[in-house]
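> Have a look at this one before I ask anything.
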Amino acid sequence: MSQERKRRCDRVANELREVARTLVGRLRAESADQALSISQTAVLVRLHKARPATVADLARAEHVTAQSMGATVASLEDAKLVARTIDPTDARRWNAFLTEDGRRTFLAGRTARQAWLTGALEERLDDLELRRLDEALALVRKVLGE
């Protein structure tokens with residue numbers, strides 16, 4: 001790899017990381033009335049997508065310790081957003097799942113974030129810019145190995 005290409009990759013990586021951080025922060029601000037931490041929101045997202053999961057599975061997926069995830073799940077249980085049930089395949093394990101309040105909270109936050117982002121795209125990008133952004137998303141997914 002040439003030095004010029006390496007410098008360009010480094011510059012683009014830095015810019016992409018900064019833009020991603022800013023976007024995530026702005027999206028979080030759109031559902032700030034929910035007062036959930038990043039970890040709590042991540043658990044709600046995972047449980048909504050993957051259905052019931054053990055604390056260990058959630059911890060692995062989020063790259064945190066089981067103890068840390070246990071505290072996060074416990075806080076969501078206290079808020080009545082998550083409950084636990086015995087794993088049907090192994091009675092020694094517990095699975096966390098979204099309660100109806102948890103599902104409503106997750107969906108309300110997602111709806112608020114989606115509405116803000118859709119509105120921002122509609123207001124700030126013309127058709128060509130929107131098409132270019134759509135094409136760029138495929139490249140971001142390629143970088144992520146998706």
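A note on labels: chains of the structure tokens are A, B, ... as shown, every chain counts residues from 1, and ligands are counted from 1 in their shown order.
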DSSP says strand (DSSP E) for which residues of chain A? Put them as a VMD selection string?
chain A and resid 82 to 87 90 to 98
> Report as CSV: every residue of region 90-133 of chain A with an atom at most 7 Å from region 17-37 of chain A, its closest pair of atoms, and their distance in Å to one decimal, counting only C-alpha atoms, with rows sorted by chain and ascending residue number.

residue,atom,partner,partner_atom,distance
A:Gly109,CA,A:Ser31,CA,5.1
A:Ala112,CA,A:Glu30,CA,6.0
A:Arg113,CA,A:Leu27,CA,5.4
> Now that the selection is made, can you save its residues with N, CA and C atoms as an mmCIF file, in the first residue's frame?

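Writing done, so here's result-v4.cif:
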data_model
loop_
_atom_site.group_PDB
_atom_site.id
_atom_site.type_symbol
_atom_site.label_atom_id
_atom_site.label_comp_id
_atom_site.auth_asym_id
_atom_site.auth_seq_id
_atom_site.Cartn_x
_atom_site.Cartn_y
_atom_site.Cartn_z
ATOM 1 N N GLY A 109 -38.778 4.923 21.111
ATOM 2 C CA GLY A 109 -37.461 5.511 20.876
ATOM 3 C C GLY A 109 -37.042 5.376 19.422
ATOM 4 N N ALA A 112 -38.984 7.809 17.240
ATOM 5 C CA ALA A 112 -38.506 9.193 17.375
ATOM 6 C C ALA A 112 -37.202 9.391 16.603
ATOM 7 N N ARG A 113 -36.281 8.448 16.722
ATOM 8 C CA ARG A 113 -34.998 8.560 16.011
ATOM 9 C C ARG A 113 -35.201 8.494 14.500
#
> What lies within 12 Å of Met69 (chain A) using only C-alpha atoms, ignoring chain neighbours under 2 positions off, as a list in words?
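That gives Ile38, Ser39, Gln40, Ala42, Val43, Ala53, Thr54, Val55, Ala56, Asp57, Leu58, Ala59, Arg60, Ala61, Glu62, His63, Val64, Thr65, Ala66, Gln67, Ala71, Thr72, Val73, Ala74, Ser75, Leu76 and Ala96 of chain A.
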> Store the residues of this selection in a file with N, CA and C atoms, as a PDB file, in the first residue's frame.

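The resulting file, out.pdb, is reproduced below:
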ATOM      1  N   ILE A  38     -26.764   3.890  27.082  1.00  0.00           N
ATOM      2  CA  ILE A  38     -26.404   3.219  25.832  1.00  0.00           C
ATOM      3  C   ILE A  38     -26.503   1.709  26.010  1.00  0.00           C
ATOM      4  N   SER A  39     -26.023   1.201  27.136  1.00  0.00           N
ATOM      5  CA  SER A  39     -26.075  -0.243  27.392  1.00  0.00           C
ATOM      6  C   SER A  39     -27.506  -0.748  27.480  1.00  0.00           C
ATOM      7  N   GLN A  40     -28.352   0.006  28.162  1.00  0.00           N
ATOM      8  CA  GLN A  40     -29.755  -0.406  28.288  1.00  0.00           C
ATOM      9  C   GLN A  40     -30.438  -0.420  26.925  1.00  0.00           C
ATOM     10  N   ALA A  42     -28.992  -0.823  24.037  1.00  0.00           N
ATOM     11  CA  ALA A  42     -28.437  -1.936  23.263  1.00  0.00           C
ATOM     12  C   ALA A  42     -29.125  -3.249  23.625  1.00  0.00           C
ATOM     13  N   VAL A  43     -29.410  -3.445  24.908  1.00  0.00           N
ATOM     14  CA  VAL A  43     -30.097  -4.670  25.332  1.00  0.00           C
ATOM     15  C   VAL A  43     -31.507  -4.706  24.753  1.00  0.00           C
ATOM     16  N   ALA A  53     -32.723 -13.969  25.435  1.00  0.00           N
ATOM     17  CA  ALA A  53     -31.295 -14.299  25.441  1.00  0.00           C
ATOM     18  C   ALA A  53     -30.791 -14.345  26.872  1.00  0.00           C
ATOM     19  N   THR A  54     -29.768 -15.127  27.092  1.00  0.00           N
ATOM     20  CA  THR A  54     -29.150 -15.173  28.415  1.00  0.00           C
ATOM     21  C   THR A  54     -28.303 -13.924  28.616  1.00  0.00           C
ATOM     22  N   VAL A  55     -28.001 -13.640  29.873  1.00  0.00           N
ATOM     23  CA  VAL A  55     -27.116 -12.519  30.188  1.00  0.00           C
ATOM     24  C   VAL A  55     -25.754 -12.742  29.540  1.00  0.00           C
ATOM     25  N   ALA A  56     -25.276 -13.983  29.575  1.00  0.00           N
ATOM     26  CA  ALA A  56     -23.980 -14.295  28.957  1.00  0.00           C
ATOM     27  C   ALA A  56     -24.004 -14.036  27.457  1.00  0.00           C
ATOM     28  N   ASP A  57     -25.090 -14.415  26.788  1.00  0.00           N
ATOM     29  CA  ASP A  57     -25.207 -14.162  25.350  1.00  0.00           C
ATOM     30  C   ASP A  57     -25.225 -12.663  25.063  1.00  0.00           C
ATOM     31  N   LEU A  58     -25.964 -11.919  25.853  1.00  0.00           N
ATOM     32  CA  LEU A  58     -26.020 -10.468  25.679  1.00  0.00           C
ATOM     33  C   LEU A  58     -24.648  -9.841  25.924  1.00  0.00           C
ATOM     34  N   ALA A  59     -23.954 -10.317  26.941  1.00  0.00           N
ATOM     35  CA  ALA A  59     -22.630  -9.778  27.263  1.00  0.00           C
ATOM     36  C   ALA A  59     -21.652 -10.018  26.111  1.00  0.00           C
ATOM     37  N   ARG A  60     -21.670 -11.226  25.574  1.00  0.00           N
ATOM     38  CA  ARG A  60     -20.794 -11.529  24.434  1.00  0.00           C
ATOM     39  C   ARG A  60     -21.123 -10.637  23.240  1.00  0.00           C
ATOM     40  N   ALA A  61     -22.387 -10.485  22.968  1.00  0.00           N
ATOM     41  CA  ALA A  61     -22.803  -9.690  21.811  1.00  0.00           C
ATOM     42  C   ALA A  61     -22.409  -8.221  21.955  1.00  0.00           C
ATOM     43  N   GLU A  62     -22.413  -7.718  23.176  1.00  0.00           N
ATOM     44  CA  GLU A  62     -22.091  -6.305  23.414  1.00  0.00           C
ATOM     45  C   GLU A  62     -20.636  -6.095  23.845  1.00  0.00           C
ATOM     46  N   HIS A  63     -19.877  -7.178  23.928  1.00  0.00           N
ATOM     47  CA  HIS A  63     -18.455  -7.097  24.292  1.00  0.00           C
ATOM     48  C   HIS A  63     -18.242  -6.466  25.663  1.00  0.00           C
ATOM     49  N   VAL A  64     -19.035  -6.915  26.619  1.00  0.00           N
ATOM     50  CA  VAL A  64     -18.877  -6.481  28.015  1.00  0.00           C
ATOM     51  C   VAL A  64     -18.837  -7.721  28.898  1.00  0.00           C
ATOM     52  N   THR A  65     -18.517  -7.530  30.173  1.00  0.00           N
ATOM     53  CA  THR A  65     -18.477  -8.669  31.087  1.00  0.00           C
ATOM     54  C   THR A  65     -19.896  -9.112  31.436  1.00  0.00           C
ATOM     55  N   ALA A  66     -20.007 -10.370  31.835  1.00  0.00           N
ATOM     56  CA  ALA A  66     -21.305 -10.889  32.256  1.00  0.00           C
ATOM     57  C   ALA A  66     -21.813 -10.130  33.480  1.00  0.00           C
ATOM     58  N   GLN A  67     -20.907  -9.741  34.371  1.00  0.00           N
ATOM     59  CA  GLN A  67     -21.304  -8.988  35.570  1.00  0.00           C
ATOM     60  C   GLN A  67     -21.894  -7.634  35.182  1.00  0.00           C
ATOM     61  N   ALA A  71     -25.875  -6.379  35.594  1.00  0.00           N
ATOM     62  CA  ALA A  71     -26.336  -5.133  36.223  1.00  0.00           C
ATOM     63  C   ALA A  71     -27.263  -4.363  35.280  1.00  0.00           C
ATOM     64  N   THR A  72     -26.927  -4.362  33.991  1.00  0.00           N
ATOM     65  CA  THR A  72     -27.770  -3.669  33.012  1.00  0.00           C
ATOM     66  C   THR A  72     -29.137  -4.334  32.923  1.00  0.00           C
ATOM     67  N   VAL A  73     -29.154  -5.649  32.821  1.00  0.00           N
ATOM     68  CA  VAL A  73     -30.427  -6.377  32.738  1.00  0.00           C
ATOM     69  C   VAL A  73     -31.235  -6.177  34.021  1.00  0.00           C
ATOM     70  N   ALA A  74     -30.572  -6.197  35.169  1.00  0.00           N
ATOM     71  CA  ALA A  74     -31.271  -5.982  36.444  1.00  0.00           C
ATOM     72  C   ALA A  74     -31.913  -4.604  36.487  1.00  0.00           C
ATOM     73  N   SER A  75     -31.221  -3.585  35.977  1.00  0.00           N
ATOM     74  CA  SER A  75     -31.803  -2.235  35.973  1.00  0.00           C
ATOM     75  C   SER A  75     -33.019  -2.170  35.054  1.00  0.00           C
ATOM     76  N   LEU A  76     -32.962  -2.897  33.945  1.00  0.00           N
ATOM     77  CA  LEU A  76     -34.121  -2.943  33.038  1.00  0.00           C
ATOM     78  C   LEU A  76     -35.269  -3.735  33.656  1.00  0.00           C
ATOM     79  N   ALA A  96     -33.531 -13.503  29.326  1.00  0.00           N
ATOM     80  CA  ALA A  96     -34.162 -12.186  29.451  1.00  0.00           C
ATOM     81  C   ALA A  96     -35.019 -11.964  28.204  1.00  0.00           C
TER      82      ALA A  96
END
> At a cut-off of 8 Å, using only C-alpha atoms, what residues contact Leu44 (chain A)? Leave out same-chain residues fewer than 6 positions from it and give the result as a list in words.
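In the requested format, the answer is Leu98, Gly102, Arg103 and Phe106 of chain A.
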> Find the residue from A:Leu125, A:Pro52, A:Glu146, A:Leu139 that sits nearest to Trp94 (chain A); use only C-alpha atoms when measuring.
A:Pro52
